[in-house]
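Inspection log for the structure reproduced underneath, given as structure tokens.
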Amino acid sequence: MCLLSHIVSGQKGKHFPDVQLENVDGKTYNSNVLFGKGYVLIGIGTSQKAEEDLRTWQEPVYNKYIAKTGLMDGMYDVQVWFIPLFTGANQVSKPKVIKKLKENNEPMVENHLLIYSGSKDPFDSFGVVEKREPYFMLVNSDGLVVWVAQGSFQQKYIDQIQDILSTD
């Protein structure tokens, strides 16, 4: 269990990689434009195997930080981005996956999707390696990771995020 804790927190205290991302319509952005306006919650899908766990995060994160459906949810301004990674041989599947994402997601969710396609080196050196589970991280306005989780959604993760947001 200690080993898993070390792996999950490997990104904490590091800056998010400086990489090119694109939205589902092909417009490109540098990852540094995500930061500077408060906290950003980033979900990274590292493989197709991580997709099922990634989906467990979508509804609670969407409701809490995008739609703000809860009583106190409007108190915190947190940007949310889901970033699937296409590295190595799986880059060829990117067009098919983007088409599927556009068909299956509501426009509000689509507006929170950014895609990375390229070398896995920036993410390997950051400690995000292809796994069967997604990574979620809270990043501050300087691009520094302040919280990390891996795997399927658990309510305690929202509670931990709220604790960080409340003390800032």
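Please note that chains go A, B, ... in the order of the structure tokens, that every chain numbers its residues from 1, and that ligands are numbered from 1 in the order shown.
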Spatial neighbours of Pro122 (chain A), max dist 9 Å, only C-alpha atoms, sep filter under 4 positions, as a list in words: Pro17, Asp18, Val19, Phe126, Gly127 and Val128 of chain A
Kindly assemble as a Markdown table a list of the region 22-64 of chain A residues that lie within 12 Å of region 138-157 of chain A, each paired with its nearest atom pair and their distance in Å to one decimal, using only C-alpha atoms, sorted first by chain and then by ascending residue number.
| residue | atom | partner | partner_atom | distance |
| --- | --- | --- | --- | --- |
| A:Ser31 | CA | A:Gly143 | CA | 9.2 |
| A:Asn32 | CA | A:Gly143 | CA | 7.2 |
| A:Val33 | CA | A:Gly143 | CA | 9.5 |
| A:Leu34 | CA | A:Gly143 | CA | 8.1 |
| A:Phe35 | CA | A:Ser141 | CA | 4.8 |
| A:Gly36 | CA | A:Ser141 | CA | 4.2 |
| A:Lys37 | CA | A:Ser141 | CA | 5.7 |
| A:Gly38 | CA | A:Ser141 | CA | 4.8 |
| A:Tyr39 | CA | A:Asn140 | CA | 4.6 |
| A:Val40 | CA | A:Val139 | CA | 5.1 |
| A:Leu41 | CA | A:Leu138 | CA | 4.5 |
| A:Ile42 | CA | A:Leu138 | CA | 6.4 |
| A:Gly43 | CA | A:Leu138 | CA | 9.0 |
| A:Ile44 | CA | A:Gln150 | CA | 9.4 |
| A:Gly45 | CA | A:Gly151 | CA | 10.0 |
| A:Thr46 | CA | A:Gln150 | CA | 10.9 |
| A:Lys49 | CA | A:Gly151 | CA | 11.0 |
| A:Ala50 | CA | A:Gly151 | CA | 7.9 |
| A:Glu51 | CA | A:Ser152 | CA | 9.8 |
| A:Glu52 | CA | A:Ser152 | CA | 8.1 |
| A:Asp53 | CA | A:Ser152 | CA | 4.4 |
| A:Leu54 | CA | A:Ser152 | CA | 6.5 |
| A:Arg55 | CA | A:Ser152 | CA | 8.2 |
| A:Thr56 | CA | A:Phe153 | CA | 5.5 |
| A:Trp57 | CA | A:Phe153 | CA | 5.1 |
| A:Gln58 | CA | A:Phe153 | CA | 8.8 |
| A:Glu59 | CA | A:Phe153 | CA | 9.8 |
| A:Pro60 | CA | A:Phe153 | CA | 8.3 |
| A:Val61 | CA | A:Phe153 | CA | 9.2 |
| A:Lys64 | CA | A:Gln155 | CA | 11.4 |
Residues near Tyr29 (chain A), cut-off 6 Å, only C-alpha atoms, skip fewer than 3 positions along chain, as a VMD selection string: chain A and resid 20 to 22
All residues 9 Å or closer to Phe86 (chain A), only C-alpha atoms, same chain fewer than 6 positions away omitted, as a ChimeraX atom specification: /A:46-47,92-94,115-120
DSSP-assigned helix (DSSP H, G or I) among region 5-165 of chain A, expressed as a VMD selection string: chain A and resid 5 to 11 31 to 34 48 to 66 73 to 75 88 to 104 107 to 110 121 to 126 155 to 165
Strand (DSSP E) call set, DSSP backbone run, region 48-129 of chain A, as a PyMOL selection string: chain A and resi 78-87+116-118
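Closest approach to Asn90 (chain A) from the set A:Leu114, A:Asp121, A:Gly70, A:Gln48 is made by A:Gln48, with distances taken over only C-alpha atoms.
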Atomic separation - CA of Pro84 (chain A) relative to CA of Asn63 (chain A), Å: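 Result for CA of Asn63 (chain A) versus CA of Pro84 (chain A): 20.3 Å, one decimal.
Of the listed residues (A:Gln160, A:Asn111, A:Asn23, A:Ser125), A:Asn111 comes nearest to Tyr62 (chain A); the distances count only C-alpha atoms.
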Contact residues around Val24 (chain A) with only C-alpha atoms at 10 Å, ignoring same-chain residues under 4 positions, as a ChimeraX atom specification: /A:28,95,97-99,101-102,110-115
Could the residues in this selection be saved with all heavy atoms as a tab-separated table (two decimals), in the first residue's frame?
chain	number	residue	atom	x	y	z
A	28	THR	N	-5.56	24.09	-31.44
A	28	THR	CA	-4.47	23.72	-30.53
A	28	THR	C	-4.22	24.79	-29.48
A	28	THR	O	-4.45	25.98	-29.71
A	28	THR	CB	-3.16	23.45	-31.31
A	28	THR	OG1	-2.79	24.62	-32.01
A	28	THR	CG2	-3.31	22.29	-32.26
A	95	PRO	N	-8.46	9.81	-34.40
A	95	PRO	CA	-9.63	10.32	-35.13
A	95	PRO	C	-10.92	9.55	-34.80
A	95	PRO	O	-11.98	10.16	-34.62
A	95	PRO	CB	-9.25	10.15	-36.60
A	95	PRO	CG	-7.77	10.10	-36.61
A	95	PRO	CD	-7.37	9.45	-35.31
A	97	VAL	N	-11.61	7.94	-31.99
A	97	VAL	CA	-11.99	8.25	-30.61
A	97	VAL	C	-12.62	9.64	-30.54
A	97	VAL	O	-13.62	9.85	-29.86
A	97	VAL	CB	-10.79	8.12	-29.65
A	97	VAL	CG1	-11.13	8.64	-28.27
A	97	VAL	CG2	-10.33	6.67	-29.59
A	98	ILE	N	-12.03	10.62	-31.25
A	98	ILE	CA	-12.59	11.98	-31.25
A	98	ILE	C	-14.00	11.96	-31.83
A	98	ILE	O	-14.91	12.60	-31.28
A	98	ILE	CB	-11.68	12.95	-32.02
A	98	ILE	CG1	-10.40	13.19	-31.21
A	98	ILE	CG2	-12.40	14.27	-32.29
A	98	ILE	CD1	-9.36	14.02	-31.93
A	99	LYS	N	-14.21	11.21	-32.89
A	99	LYS	CA	-15.55	11.10	-33.48
A	99	LYS	C	-16.52	10.51	-32.46
A	99	LYS	O	-17.63	11.01	-32.28
A	99	LYS	CB	-15.50	10.22	-34.73
A	99	LYS	CG	-16.84	10.09	-35.41
A	99	LYS	CD	-16.76	9.23	-36.64
A	99	LYS	CE	-18.16	9.10	-37.24
A	99	LYS	NZ	-18.21	8.11	-38.30
A	101	LEU	N	-16.22	10.60	-29.16
A	101	LEU	CA	-16.40	11.58	-28.10
A	101	LEU	C	-17.43	12.64	-28.51
A	101	LEU	O	-18.29	13.03	-27.72
A	101	LEU	CB	-15.08	12.26	-27.75
A	101	LEU	CG	-14.07	11.45	-26.97
A	101	LEU	CD1	-12.72	12.16	-26.93
A	101	LEU	CD2	-14.58	11.17	-25.56
A	102	LYS	N	-17.35	13.09	-29.75
A	102	LYS	CA	-18.27	14.11	-30.23
A	102	LYS	C	-19.70	13.57	-30.31
A	102	LYS	O	-20.65	14.30	-30.05
A	102	LYS	CB	-17.83	14.63	-31.59
A	102	LYS	CG	-16.59	15.49	-31.53
A	102	LYS	CD	-16.13	15.89	-32.90
A	102	LYS	CE	-16.56	17.30	-33.15
A	102	LYS	NZ	-15.99	17.86	-34.39
A	110	GLU	N	-18.03	18.37	-23.94
A	110	GLU	CA	-17.04	18.53	-25.02
A	110	GLU	C	-16.16	19.74	-24.80
A	110	GLU	O	-14.98	19.73	-25.13
A	110	GLU	CB	-17.76	18.70	-26.37
A	110	GLU	CG	-17.95	17.45	-27.13
A	110	GLU	CD	-18.53	17.75	-28.50
A	110	GLU	OE1	-18.05	18.68	-29.19
A	110	GLU	OE2	-19.47	17.04	-28.88
A	111	ASN	N	-16.73	20.79	-24.24
A	111	ASN	CA	-15.98	22.03	-24.00
A	111	ASN	C	-14.94	21.87	-22.90
A	111	ASN	O	-14.21	22.81	-22.62
A	111	ASN	CB	-16.93	23.17	-23.65
A	111	ASN	CG	-17.80	23.55	-24.82
A	111	ASN	OD1	-17.45	23.34	-25.97
A	111	ASN	ND2	-18.96	24.11	-24.53
A	112	HIS	N	-14.87	20.70	-22.29
A	112	HIS	CA	-13.90	20.43	-21.23
A	112	HIS	C	-12.99	19.26	-21.59
A	112	HIS	O	-12.39	18.65	-20.72
A	112	HIS	CB	-14.63	20.18	-19.90
A	112	HIS	CG	-15.35	21.40	-19.44
A	112	HIS	ND1	-14.74	22.35	-18.66
A	112	HIS	CD2	-16.60	21.85	-19.69
A	112	HIS	CE1	-15.60	23.33	-18.45
A	112	HIS	NE2	-16.73	23.05	-19.06
A	113	LEU	N	-12.90	18.97	-22.89
A	113	LEU	CA	-12.02	17.92	-23.38
A	113	LEU	C	-10.87	18.53	-24.16
A	113	LEU	O	-11.07	19.37	-25.03
A	113	LEU	CB	-12.78	16.98	-24.34
A	113	LEU	CG	-13.77	16.01	-23.74
A	113	LEU	CD1	-14.57	15.35	-24.84
A	113	LEU	CD2	-13.06	14.96	-22.92
A	114	LEU	N	-9.66	18.12	-23.81
A	114	LEU	CA	-8.48	18.48	-24.58
A	114	LEU	C	-7.72	17.19	-24.85
A	114	LEU	O	-7.69	16.30	-24.00
A	114	LEU	CB	-7.59	19.46	-23.82
A	114	LEU	CG	-8.16	20.86	-23.65
A	114	LEU	CD1	-7.27	21.69	-22.73
A	114	LEU	CD2	-8.32	21.56	-24.99
A	115	ILE	N	-7.13	17.07	-26.00
A	115	ILE	CA	-6.48	15.84	-26.42
A	115	ILE	C	-4.99	16.07	-26.57
A	115	ILE	O	-4.57	17.08	-27.13
A	115	ILE	CB	-7.09	15.34	-27.75
A	115	ILE	CG1	-8.56	14.96	-27.53
A	115	ILE	CG2	-6.33	14.16	-28.30
A	115	ILE	CD1	-9.50	15.78	-28.31
Atomic distance CA of Lys131 (chain A) - CA of Asn104 (chain A), expressed in Å with one decimal: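 Taking CA of Lys131 (chain A) and CA of Asn104 (chain A), their separation equals 23.7 Å.
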